[in-house]
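Participant: Just passing along the structure, written as structure tokens.
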Protein chains: 2
Amino acid sequence: MTETKKRADARRNQQALLDAAAAAFVASGVDVPVRDIAARAGVGVGTIYRHFPTRADLIVAVYRHQVEACAEAGPALLERSATPHAALAAWIDLFVDFLITKHGLAEALQSDDAAFQTLHAYFLDRLVPVCAHLLEAAAGEIVSDVDAFQLMRGVGNLCIGAGDPRYDARRLVALLVTGLRTRESGGGA
Amino acid sequence: MTETKKRADARRNQQALLDAAAAAFVASGVDVPVRDIAARAGVGVGTIYRHFPTRADLIVAVYRHQVEACAEAGPALLERSATPHAALAAWIDLFVDFLITKHGLAEALQSDDAAFQTLHAYFLDRLVPVCAHLLEAAAGEIVSDVDAFQLMRGVGNLCIGAGDPRYDARRLVALLVTGLRTRESGGGA
DNA sequence: CACGATACGGAACACGGTTCCGTTTAGCAA
DNA sequence: TTGCTAAACGGAACCGTGTTCCGTATCGTG
């Protein structure tokens with residue numbers, strides 16, 4: 001169904017590039033030089049640009065599965081959690097776990113470089129609605145003047161620089177989520 | 001007193017560079033091309049590097065006064081505020097105001113690029129102790145497992161991407177500071 | 001005024017992203 | 001099997017930026 005129309009070598013190279021990029025991202029972060037990825041995959045740089053016109057397309061392709069999984073976990077968590085706020089917290093944890101294990105991804109996500117436009121757009125399109133849904137469900141126990149977009153962005157920002165042992169992004173995000181809760185809704189710090 | 005030993009043209013150029021850089025930063029952000037700054041100042045690029053070996057040195061020189069002012073405001077706020085937590089909140093507000101008006105500075109501050117090492121170091125050296133002092137004063141009413149370094153870093157991170165009208169860095173920082181407060185210490189969200 | 005130290009300018013280099021085009025190859029049809 | 005064409009490939013070349021280097025110009029002093 002998917003991509004059946006392409007030439008066999010093209011499909012092979014596309015897969016090789018995805019594998020090479022995934023490995024390169026782990027080894028050197030998502031801003032690893034294009035030439036390095038090409039070398040790993042055993043192809044020329046032209047081939048990268050043919051399959052993935054922008055670096056963002058490549059990043060999206062590599063992480064698509066994980067982003068989808070994160071998006072789908074939202075509604076599931078809502079069912080299985082004690083309170084909507086707990087579900088929100090758990091879901092954000094999931095997102096943070098994802099981000100901090102991808103060296104440089106949080107940075108790229110917030111970059112205003114035009115090349116990362118589609119990366120930004122993909123994450124937003126896919127995750128903001130899920131976040132909005134959770135936020136809505138928790139409406140009674142959280143402050144109302146922060147929307148899903150801002151929250152996602154703030155969380156993403158806080159994940160920048162994770163990897164520095166002196167900085168615990170998870171902890172700060174937790175603090176932010178705590179700040180979201182109204183004082184009337186019980187529970188300690 | 002300062003720099004009296006240098007040649008007259010050297011001092012003139014240094015000042016011209018500071019002025020040009022300040023203007024260029026406002027117009028195009030702190031990552032404006034070096035050549036643009038040189039052109040504005042009417043000097044060659046070599047002259048920039050002679051006076052400011054790294055871009056960070058130039059940025060530090062341009063913003064030194066404002067950073068100093070922010071640092072000095074800490075103790076003052078502590079005296080004049082109702083509670084230590086209020087002083088902390090006010091001081092962080094000051095810092096956020098500073099950061100969000102300097103296009104690209106927050107981004108540069110968190111960059112792991114070696115060129116920004118001294119920028120990072122200067123801000124940390126100057127501001128973390130002040131923050132630590134405020135944190136210590138407020139010890140009774142805030143959670144204890146976040147230190148000054150982490151807080152400064154988190155706040156800096158949250159300021160990335162301010163300028164986007166959909167994103168209110170100030171609001172998110174406020175939320176973070178709220179999350180810092182223990183539930184026993186009163187006051188609403 | 002002459003001369004040495006100081007500072008200057010900008011060409012040259014390094015490096016990474018991106019484009020372009022001559023060459024190779026897959027896939028099909030004779 | 002072979003010939004042909006469109007698809008895909010490789011990598012040299014190009015561009016923009018940071019950085020270095022050195023021949024030239026200037027300052028300031030004796």
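Convention: chains lettered A, B, ... in structure tokens order; per-chain residue numbering from 1; ligands numbered from 1 as shown.
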Contacts of region 119-135 of chain B at 10 Å or less, counting only C-alpha atoms (C1' of nucleotides), minus same-chain residues fewer than 4 places along, as a PDB file with N, CA and C atoms, in the first residue's frame?
Facilitator:
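selection-v2.pdb, written as the output of this step:
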```
ATOM      1  N   THR B  54      35.728  35.970  21.518  1.00  0.00           N
ATOM      2  CA  THR B  54      34.581  35.130  21.196  1.00  0.00           C
ATOM      3  C   THR B  54      33.334  36.002  21.171  1.00  0.00           C
ATOM      4  N   ARG B  55      32.342  35.525  20.482  1.00  0.00           N
ATOM      5  CA  ARG B  55      31.082  36.237  20.411  1.00  0.00           C
ATOM      6  C   ARG B  55      30.516  36.447  21.816  1.00  0.00           C
ATOM      7  N   ALA B  56      30.748  35.480  22.676  1.00  0.00           N
ATOM      8  CA  ALA B  56      30.239  35.585  24.043  1.00  0.00           C
ATOM      9  C   ALA B  56      30.815  36.816  24.746  1.00  0.00           C
ATOM     10  N   ASP B  57      32.073  37.106  24.508  1.00  0.00           N
ATOM     11  CA  ASP B  57      32.703  38.266  25.138  1.00  0.00           C
ATOM     12  C   ASP B  57      31.993  39.553  24.730  1.00  0.00           C
ATOM     13  N   LEU B  58      31.619  39.603  23.480  1.00  0.00           N
ATOM     14  CA  LEU B  58      30.923  40.785  22.976  1.00  0.00           C
ATOM     15  C   LEU B  58      29.538  40.917  23.612  1.00  0.00           C
ATOM     16  N   ILE B  59      28.840  39.802  23.666  1.00  0.00           N
ATOM     17  CA  ILE B  59      27.501  39.811  24.269  1.00  0.00           C
ATOM     18  C   ILE B  59      27.595  40.225  25.737  1.00  0.00           C
ATOM     19  N   VAL B  60      28.545  39.639  26.439  1.00  0.00           N
ATOM     20  CA  VAL B  60      28.714  39.970  27.853  1.00  0.00           C
ATOM     21  C   VAL B  60      28.992  41.456  28.010  1.00  0.00           C
ATOM     22  N   ALA B  61      29.885  41.972  27.162  1.00  0.00           N
ATOM     23  CA  ALA B  61      30.239  43.391  27.263  1.00  0.00           C
ATOM     24  C   ALA B  61      29.027  44.281  27.033  1.00  0.00           C
ATOM     25  N   ARG B  64      26.532  43.740  30.124  1.00  0.00           N
ATOM     26  CA  ARG B  64      27.095  43.710  31.478  1.00  0.00           C
ATOM     27  C   ARG B  64      26.334  44.618  32.442  1.00  0.00           C
ATOM     28  N   VAL B  67      23.010  43.155  33.483  1.00  0.00           N
ATOM     29  CA  VAL B  67      23.129  41.972  34.331  1.00  0.00           C
ATOM     30  C   VAL B  67      23.533  42.390  35.746  1.00  0.00           C
ATOM     31  N   GLU B  68      24.462  43.340  35.820  1.00  0.00           N
ATOM     32  CA  GLU B  68      24.885  43.835  37.124  1.00  0.00           C
ATOM     33  C   GLU B  68      23.696  44.425  37.872  1.00  0.00           C
ATOM     34  N   CYS B  70      20.614  43.742  37.560  1.00  0.00           N
ATOM     35  CA  CYS B  70      19.729  42.667  37.990  1.00  0.00           C
ATOM     36  C   CYS B  70      20.285  41.984  39.234  1.00  0.00           C
ATOM     37  N   ALA B  71      21.570  41.726  39.214  1.00  0.00           N
ATOM     38  CA  ALA B  71      22.207  41.073  40.362  1.00  0.00           C
ATOM     39  C   ALA B  71      22.065  41.927  41.613  1.00  0.00           C
ATOM     40  N   GLU B  72      22.282  43.220  41.441  1.00  0.00           N
ATOM     41  CA  GLU B  72      22.227  44.101  42.611  1.00  0.00           C
ATOM     42  C   GLU B  72      20.814  44.304  43.141  1.00  0.00           C
ATOM     43  N   ALA B  73      19.842  44.088  42.277  1.00  0.00           N
ATOM     44  CA  ALA B  73      18.452  44.270  42.702  1.00  0.00           C
ATOM     45  C   ALA B  73      17.996  43.184  43.676  1.00  0.00           C
ATOM     46  N   GLY B  74      18.702  42.059  43.679  1.00  0.00           N
ATOM     47  CA  GLY B  74      18.284  40.942  44.526  1.00  0.00           C
ATOM     48  C   GLY B  74      18.164  41.299  46.001  1.00  0.00           C
ATOM     49  N   PRO B  75      19.257  41.666  46.637  1.00  0.00           N
ATOM     50  CA  PRO B  75      19.209  42.011  48.061  1.00  0.00           C
ATOM     51  C   PRO B  75      18.230  43.150  48.342  1.00  0.00           C
ATOM     52  N   LEU B  77      15.482  43.873  46.796  1.00  0.00           N
ATOM     53  CA  LEU B  77      14.106  43.368  46.767  1.00  0.00           C
ATOM     54  C   LEU B  77      13.765  42.613  48.044  1.00  0.00           C
ATOM     55  N   LEU B  78      14.766  41.921  48.544  1.00  0.00           N
ATOM     56  CA  LEU B  78      14.548  41.116  49.754  1.00  0.00           C
ATOM     57  C   LEU B  78      14.135  42.008  50.918  1.00  0.00           C
ATOM     58  N   PRO B  84       9.874  36.709  51.615  1.00  0.00           N
ATOM     59  CA  PRO B  84      11.000  36.275  50.782  1.00  0.00           C
ATOM     60  C   PRO B  84      10.522  35.657  49.459  1.00  0.00           C
ATOM     61  N   HIS B  85       9.433  34.926  49.503  1.00  0.00           N
ATOM     62  CA  HIS B  85       8.941  34.332  48.265  1.00  0.00           C
ATOM     63  C   HIS B  85       8.524  35.417  47.279  1.00  0.00           C
ATOM     64  N   ALA B  86       7.917  36.458  47.796  1.00  0.00           N
ATOM     65  CA  ALA B  86       7.530  37.575  46.929  1.00  0.00           C
ATOM     66  C   ALA B  86       8.770  38.227  46.314  1.00  0.00           C
ATOM     67  N   ALA B  87       9.816  38.362  47.119  1.00  0.00           N
ATOM     68  CA  ALA B  87      11.068  38.942  46.621  1.00  0.00           C
ATOM     69  C   ALA B  87      11.640  38.078  45.505  1.00  0.00           C
ATOM     70  N   LEU B  88      11.621  36.779  45.724  1.00  0.00           N
ATOM     71  CA  LEU B  88      12.119  35.840  44.722  1.00  0.00           C
ATOM     72  C   LEU B  88      11.326  35.985  43.425  1.00  0.00           C
ATOM     73  N   ALA B  89      10.004  36.033  43.575  1.00  0.00           N
ATOM     74  CA  ALA B  89       9.143  36.160  42.397  1.00  0.00           C
ATOM     75  C   ALA B  89       9.432  37.457  41.653  1.00  0.00           C
ATOM     76  N   TRP B  91      12.171  39.242  41.716  1.00  0.00           N
ATOM     77  CA  TRP B  91      13.509  39.213  41.119  1.00  0.00           C
ATOM     78  C   TRP B  91      13.509  38.405  39.833  1.00  0.00           C
ATOM     79  N   ILE B  92      12.850  37.286  39.842  1.00  0.00           N
ATOM     80  CA  ILE B  92      12.766  36.449  38.650  1.00  0.00           C
ATOM     81  C   ILE B  92      12.035  37.197  37.538  1.00  0.00           C
ATOM     82  N   PHE B  95      14.485  39.360  35.846  1.00  0.00           N
ATOM     83  CA  PHE B  95      15.357  38.570  34.984  1.00  0.00           C
ATOM     84  C   PHE B  95      14.629  38.195  33.689  1.00  0.00           C
ATOM     85  N   LEU B 105      18.765  35.861  23.070  1.00  0.00           N
ATOM     86  CA  LEU B 105      19.706  35.708  24.180  1.00  0.00           C
ATOM     87  C   LEU B 105      19.419  34.451  24.986  1.00  0.00           C
ATOM     88  N   ALA B 108      20.796  31.564  23.183  1.00  0.00           N
ATOM     89  CA  ALA B 108      22.253  31.517  23.242  1.00  0.00           C
ATOM     90  C   ALA B 108      22.725  31.043  24.617  1.00  0.00           C
ATOM     91  N   LEU B 109      22.027  31.478  25.639  1.00  0.00           N
ATOM     92  CA  LEU B 109      22.405  31.122  27.004  1.00  0.00           C
ATOM     93  C   LEU B 109      22.392  29.616  27.223  1.00  0.00           C
ATOM     94  N   GLN B 110      21.479  28.933  26.564  1.00  0.00           N
ATOM     95  CA  GLN B 110      21.350  27.498  26.798  1.00  0.00           C
ATOM     96  C   GLN B 110      22.091  26.681  25.756  1.00  0.00           C
ATOM     97  N   SER B 111      22.612  27.341  24.751  1.00  0.00           N
ATOM     98  CA  SER B 111      23.330  26.615  23.714  1.00  0.00           C
ATOM     99  C   SER B 111      24.531  25.890  24.314  1.00  0.00           C
ATOM    100  N   ASP B 112      24.774  24.695  23.833  1.00  0.00           N
ATOM    101  CA  ASP B 112      25.939  23.967  24.345  1.00  0.00           C
ATOM    102  C   ASP B 112      27.164  24.213  23.464  1.00  0.00           C
ATOM    103  N   ALA B 114      30.477  25.604  22.276  1.00  0.00           N
ATOM    104  CA  ALA B 114      31.625  26.008  23.084  1.00  0.00           C
ATOM    105  C   ALA B 114      31.828  27.521  23.069  1.00  0.00           C
ATOM    106  N   ALA B 115      31.441  28.170  21.961  1.00  0.00           N
ATOM    107  CA  ALA B 115      31.645  29.609  21.831  1.00  0.00           C
ATOM    108  C   ALA B 115      30.859  30.388  22.890  1.00  0.00           C
ATOM    109  N   ALA B 139      13.476  29.826  52.290  1.00  0.00           N
ATOM    110  CA  ALA B 139      13.557  28.379  52.528  1.00  0.00           C
ATOM    111  C   ALA B 139      12.311  27.813  53.202  1.00  0.00           C
ATOM    112  N   GLY B 140      11.745  28.555  54.120  1.00  0.00           N
ATOM    113  CA  GLY B 140      10.598  28.042  54.861  1.00  0.00           C
ATOM    114  C   GLY B 140       9.351  27.826  54.023  1.00  0.00           C
ATOM    115  N   GLU B 141       9.205  28.618  52.990  1.00  0.00           N
ATOM    116  CA  GLU B 141       7.945  28.526  52.249  1.00  0.00           C
ATOM    117  C   GLU B 141       8.062  27.882  50.865  1.00  0.00           C
ATOM    118  N   ILE B 142       9.208  27.302  50.558  1.00  0.00           N
ATOM    119  CA  ILE B 142       9.322  26.643  49.252  1.00  0.00           C
ATOM    120  C   ILE B 142       9.884  25.231  49.382  1.00  0.00           C
ATOM    121  N   VAL B 143       9.679  24.461  48.346  1.00  0.00           N
ATOM    122  CA  VAL B 143      10.224  23.098  48.344  1.00  0.00           C
ATOM    123  C   VAL B 143      11.742  23.207  48.328  1.00  0.00           C
ATOM    124  N   SER B 144      12.392  22.170  48.829  1.00  0.00           N
ATOM    125  CA  SER B 144      13.826  22.311  49.086  1.00  0.00           C
ATOM    126  C   SER B 144      14.706  21.600  48.065  1.00  0.00           C
ATOM    127  N   VAL B 146      15.121  22.017  44.820  1.00  0.00           N
ATOM    128  CA  VAL B 146      15.545  22.675  43.586  1.00  0.00           C
ATOM    129  C   VAL B 146      16.527  23.769  43.963  1.00  0.00           C
ATOM    130  N   ASP B 147      17.716  23.717  43.409  1.00  0.00           N
ATOM    131  CA  ASP B 147      18.713  24.711  43.783  1.00  0.00           C
ATOM    132  C   ASP B 147      18.706  25.894  42.813  1.00  0.00           C
ATOM    133  N   ALA B 148      19.514  26.875  43.134  1.00  0.00           N
ATOM    134  CA  ALA B 148      19.521  28.111  42.360  1.00  0.00           C
ATOM    135  C   ALA B 148      19.903  27.862  40.899  1.00  0.00           C
ATOM    136  N   PHE B 149      20.858  27.012  40.691  1.00  0.00           N
ATOM    137  CA  PHE B 149      21.298  26.721  39.325  1.00  0.00           C
ATOM    138  C   PHE B 149      20.151  26.184  38.473  1.00  0.00           C
ATOM    139  N   GLN B 150      19.478  25.220  39.004  1.00  0.00           N
ATOM    140  CA  GLN B 150      18.376  24.616  38.253  1.00  0.00           C
ATOM    141  C   GLN B 150      17.269  25.617  37.994  1.00  0.00           C
ATOM    142  N   LEU B 151      16.964  26.398  39.016  1.00  0.00           N
ATOM    143  CA  LEU B 151      15.884  27.363  38.858  1.00  0.00           C
ATOM    144  C   LEU B 151      16.225  28.376  37.764  1.00  0.00           C
ATOM    145  N   MET B 152      17.436  28.911  37.827  1.00  0.00           N
ATOM    146  CA  MET B 152      17.857  29.888  36.818  1.00  0.00           C
ATOM    147  C   MET B 152      17.798  29.281  35.421  1.00  0.00           C
ATOM    148  N   ARG B 153      18.255  28.071  35.345  1.00  0.00           N
ATOM    149  CA  ARG B 153      18.267  27.400  34.058  1.00  0.00           C
ATOM    150  C   ARG B 153      16.852  27.172  33.539  1.00  0.00           C
TER     151      ARG B 153
END
```
Participant: Any chance you could tabulate, as a Markdown table, the residues of chain B at most 9 Å from chain A with each one's nearest atom pair and distance in Å to one decimal, using only C-alpha atoms, in chain and rising number order?
Facilitator:
```
| residue | atom | partner | partner_atom | distance |
| --- | --- | --- | --- | --- |
| B:Glu107 | CA | A:Ser111 | CA | 8.5 |
| B:Gln110 | CA | A:Gly161 | CA | 6.9 |
| B:Ser111 | CA | A:Gly161 | CA | 8.1 |
| B:Asp112 | CA | A:Gly161 | CA | 7.9 |
| B:Val143 | CA | A:Ala189 | CA | 7.6 |
| B:Asp145 | CA | A:Arg171 | CA | 8.8 |
| B:Val146 | CA | A:Arg171 | CA | 8.1 |
| B:Phe149 | CA | A:Tyr167 | CA | 7.8 |
| B:Gln150 | CA | A:Tyr167 | CA | 5.5 |
| B:Leu151 | CA | A:Leu172 | CA | 7.9 |
| B:Arg153 | CA | A:Tyr167 | CA | 7.7 |
| B:Gly154 | CA | A:Leu158 | CA | 5.8 |
| B:Val155 | CA | A:Leu158 | CA | 8.3 |
| B:Gly156 | CA | A:Leu158 | CA | 8.8 |
| B:Asn157 | CA | A:Asn157 | CA | 5.4 |
| B:Leu158 | CA | A:Asn157 | CA | 5.6 |
| B:Cys159 | CA | A:Asn157 | CA | 8.2 |
| B:Ile160 | CA | A:Asn157 | CA | 6.8 |
| B:Gly161 | CA | A:Gln110 | CA | 6.9 |
| B:Arg166 | CA | A:Gln150 | CA | 7.2 |
| B:Tyr167 | CA | A:Gln150 | CA | 5.5 |
| B:Asp168 | CA | A:Gln150 | CA | 7.2 |
| B:Ala169 | CA | A:Gly154 | CA | 7.8 |
| B:Arg171 | CA | A:Val146 | CA | 8.1 |
| B:Leu172 | CA | A:Gly154 | CA | 6.8 |
| B:Val173 | CA | A:Leu176 | CA | 8.3 |
| B:Ala174 | CA | A:Gly179 | CA | 8.4 |
| B:Leu175 | CA | A:Gly179 | CA | 4.9 |
| B:Leu176 | CA | A:Leu176 | CA | 4.5 |
| B:Val177 | CA | A:Gly179 | CA | 7.5 |
| B:Thr178 | CA | A:Gly179 | CA | 5.1 |
| B:Gly179 | CA | A:Gly179 | CA | 3.9 |
| B:Leu180 | CA | A:Leu175 | CA | 6.4 |
| B:Arg181 | CA | A:Ala189 | CA | 7.9 |
| B:Thr182 | CA | A:Ala189 | CA | 5.7 |
| B:Arg183 | CA | A:Ala189 | CA | 6.1 |
| B:Glu184 | CA | A:Gly188 | CA | 8.4 |
| B:Gly187 | CA | A:Arg183 | CA | 8.5 |
| B:Gly188 | CA | A:Arg183 | CA | 6.2 |
| B:Ala189 | CA | A:Thr182 | CA | 5.8 |
```
Participant: Using only N, CA and C atoms, please write the residues we just selected to a file, as a tab-separated table (two decimals), in the first residue's frame.
Facilitator:
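Dumped everything to out-v6.tsv:
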```
chain	number	residue	atom	x	y	z
B	107	GLU	N	18.12	31.75	24.00
B	107	GLU	CA	18.58	30.62	23.20
B	107	GLU	C	20.09	30.46	23.33
B	110	GLN	N	21.48	28.93	26.56
B	110	GLN	CA	21.35	27.50	26.80
B	110	GLN	C	22.09	26.68	25.76
B	111	SER	N	22.61	27.34	24.75
B	111	SER	CA	23.33	26.61	23.71
B	111	SER	C	24.53	25.89	24.31
B	112	ASP	N	24.77	24.70	23.83
B	112	ASP	CA	25.94	23.97	24.34
B	112	ASP	C	27.16	24.21	23.46
B	143	VAL	N	9.68	24.46	48.35
B	143	VAL	CA	10.22	23.10	48.34
B	143	VAL	C	11.74	23.21	48.33
B	145	ASP	N	14.12	20.89	47.13
B	145	ASP	CA	14.97	20.07	46.28
B	145	ASP	C	15.29	20.69	44.92
B	146	VAL	N	15.12	22.02	44.82
B	146	VAL	CA	15.54	22.67	43.59
B	146	VAL	C	16.53	23.77	43.96
B	149	PHE	N	20.86	27.01	40.69
B	149	PHE	CA	21.30	26.72	39.33
B	149	PHE	C	20.15	26.18	38.47
B	150	GLN	N	19.48	25.22	39.00
B	150	GLN	CA	18.38	24.62	38.25
B	150	GLN	C	17.27	25.62	37.99
B	151	LEU	N	16.96	26.40	39.02
B	151	LEU	CA	15.88	27.36	38.86
B	151	LEU	C	16.22	28.38	37.76
B	153	ARG	N	18.26	28.07	35.35
B	153	ARG	CA	18.27	27.40	34.06
B	153	ARG	C	16.85	27.17	33.54
B	154	GLY	N	16.00	26.72	34.44
B	154	GLY	CA	14.61	26.50	34.04
B	154	GLY	C	13.95	27.78	33.58
B	155	VAL	N	14.18	28.84	34.31
B	155	VAL	CA	13.59	30.13	33.94
B	155	VAL	C	14.14	30.58	32.58
B	156	GLY	N	15.44	30.45	32.43
B	156	GLY	CA	16.06	30.81	31.15
B	156	GLY	C	15.45	30.00	30.01
B	157	ASN	N	15.30	28.73	30.23
B	157	ASN	CA	14.70	27.88	29.20
B	157	ASN	C	13.30	28.34	28.84
B	158	LEU	N	12.53	28.65	29.85
B	158	LEU	CA	11.14	29.05	29.58
B	158	LEU	C	11.06	30.34	28.77
B	159	CYS	N	12.12	31.12	28.79
B	159	CYS	CA	12.11	32.38	28.05
B	159	CYS	C	12.42	32.20	26.57
B	160	ILE	N	12.82	31.00	26.20
B	160	ILE	CA	13.11	30.74	24.79
B	160	ILE	C	11.82	30.79	24.00
B	161	GLY	N	11.85	31.51	22.92
B	161	GLY	CA	10.68	31.59	22.05
B	161	GLY	C	9.67	32.64	22.47
B	166	ARG	N	1.67	33.63	20.73
B	166	ARG	CA	0.87	32.57	21.34
B	166	ARG	C	1.51	32.04	22.61
B	167	TYR	N	2.75	32.48	22.88
B	167	TYR	CA	3.50	31.92	24.01
B	167	TYR	C	3.83	33.01	25.02
B	168	ASP	N	3.39	32.81	26.25
B	168	ASP	CA	3.62	33.82	27.28
B	168	ASP	C	4.61	33.29	28.31
B	169	ALA	N	5.88	33.57	28.06
B	169	ALA	CA	6.94	33.05	28.92
B	169	ALA	C	6.73	33.51	30.36
B	171	ARG	N	4.06	34.09	31.97
B	171	ARG	CA	3.01	33.32	32.65
B	171	ARG	C	3.54	31.96	33.10
B	172	LEU	N	4.28	31.29	32.25
B	172	LEU	CA	4.78	29.96	32.58
B	172	LEU	C	5.81	30.03	33.69
B	173	VAL	N	6.64	31.06	33.66
B	173	VAL	CA	7.61	31.22	34.74
B	173	VAL	C	6.86	31.43	36.06
B	174	ALA	N	5.82	32.22	36.00
B	174	ALA	CA	5.02	32.46	37.20
B	174	ALA	C	4.47	31.15	37.74
B	175	LEU	N	4.03	30.30	36.83
B	175	LEU	CA	3.50	28.99	37.22
B	175	LEU	C	4.58	28.16	37.90
B	176	LEU	N	5.76	28.22	37.33
B	176	LEU	CA	6.88	27.47	37.91
B	176	LEU	C	7.18	27.96	39.31
B	177	VAL	N	7.18	29.27	39.48
B	177	VAL	CA	7.48	29.84	40.79
B	177	VAL	C	6.37	29.48	41.79
B	178	THR	N	5.15	29.44	41.28
B	178	THR	CA	4.04	29.00	42.14
B	178	THR	C	4.26	27.57	42.60
B	179	GLY	N	4.69	26.73	41.67
B	179	GLY	CA	4.92	25.33	41.99
B	179	GLY	C	5.99	25.15	43.03
B	180	LEU	N	6.83	26.15	43.15
B	180	LEU	CA	7.94	26.12	44.10
B	180	LEU	C	7.46	26.24	45.53
B	181	ARG	N	6.33	26.91	45.67
B	181	ARG	CA	5.84	27.19	47.02
B	181	ARG	C	5.17	25.97	47.63
B	182	THR	N	5.42	25.74	48.90
B	182	THR	CA	4.75	24.62	49.58
B	182	THR	C	3.30	25.00	49.85
B	183	ARG	N	2.46	23.98	49.92
B	183	ARG	CA	1.03	24.23	50.09
B	183	ARG	C	0.69	24.76	51.48
B	184	GLU	N	1.59	24.56	52.42
B	184	GLU	CA	1.32	24.99	53.78
B	184	GLU	C	1.45	26.51	53.95
B	187	GLY	N	-1.82	31.53	50.57
B	187	GLY	CA	-1.85	32.26	49.31
B	187	GLY	C	-2.48	31.41	48.23
B	188	GLY	N	-3.24	32.03	47.34
B	188	GLY	CA	-3.95	31.29	46.31
B	188	GLY	C	-3.11	31.10	45.06
B	189	ALA	N	-3.70	30.45	44.04
B	189	ALA	CA	-2.99	30.26	42.78
B	189	ALA	C	-2.98	31.57	42.06
```
Participant: List the spatial neighbours of Ile48 (chain A) as an MDAnalysis selection string - criterion: any atom at most 10 Å away, only C-alpha atoms (C1' of nucleotides), same-chain residues fewer than 2 positions off excluded.
Facilitator: chainID A and resid 13:14 17:18 34:35 37:38 41 43:46 50:55 58
Participant: Would you save the residues from that selection as a compact mmCIF listing (two decimals), in the first residue's frame, using C-alpha atoms?
Facilitator:
```
# COMPACT_ATOMS: atom_id res chain seq x y z
CA ASN A 13 18.01 3.51 0.33
CA GLN A 14 15.17 5.24 2.12
CA LEU A 17 18.78 6.34 5.56
CA LEU A 18 16.20 5.98 8.31
CA VAL A 34 24.15 15.60 6.87
CA ARG A 35 27.31 14.15 5.38
CA ILE A 37 24.31 10.40 7.91
CA ALA A 38 24.98 9.91 4.22
CA ALA A 41 23.96 4.90 5.02
CA VAL A 43 24.83 6.94 -0.05
CA GLY A 44 25.61 10.39 -1.45
CA VAL A 45 24.23 13.54 0.13
CA GLY A 46 21.99 14.09 -2.89
CA ARG A 50 15.81 13.48 -2.59
CA HIS A 51 14.10 11.40 0.08
CA PHE A 52 13.92 13.99 2.81
CA PRO A 53 13.84 17.53 1.42
CA THR A 54 14.47 19.08 4.81
CA ARG A 55 16.22 17.81 7.88
CA LEU A 58 14.05 13.06 8.33
```
Participant: At a cut-off of 8 Å, which residues of chain A touch chain C? Count only C-alpha atoms (C1' of nucleotides) and give the answer as a ChimeraX atom specification.
Facilitator: /A:7-9,33-34
Participant: Find the residues around Thr101 (chain B) up to 9 Å (only C-alpha atoms (C1' of nucleotides) counted), leave out those fewer than 6 positions away in its own chain, and share them as a PyMOL selection string.
Facilitator: chain B and resi 26+162-163
Participant: Can I get the selection written as a PDB file, in the first residue's frame, with N, CA and C atoms?
Facilitator:
```pdb
ATOM      1  N   VAL B  26      19.698  44.385  18.678  1.00  0.00           N
ATOM      2  CA  VAL B  26      18.297  44.807  18.703  1.00  0.00           C
ATOM      3  C   VAL B  26      17.638  44.518  17.357  1.00  0.00           C
ATOM      4  N   ALA B 162      10.020  33.410  23.504  1.00  0.00           N
ATOM      5  CA  ALA B 162       9.163  34.551  23.793  1.00  0.00           C
ATOM      6  C   ALA B 162       9.211  35.396  22.525  1.00  0.00           C
ATOM      7  N   GLY B 163       8.197  36.161  22.255  1.00  0.00           N
ATOM      8  CA  GLY B 163       8.169  36.866  20.978  1.00  0.00           C
ATOM      9  C   GLY B 163       7.085  36.247  20.118  1.00  0.00           C
TER      10      GLY B 163
END
```
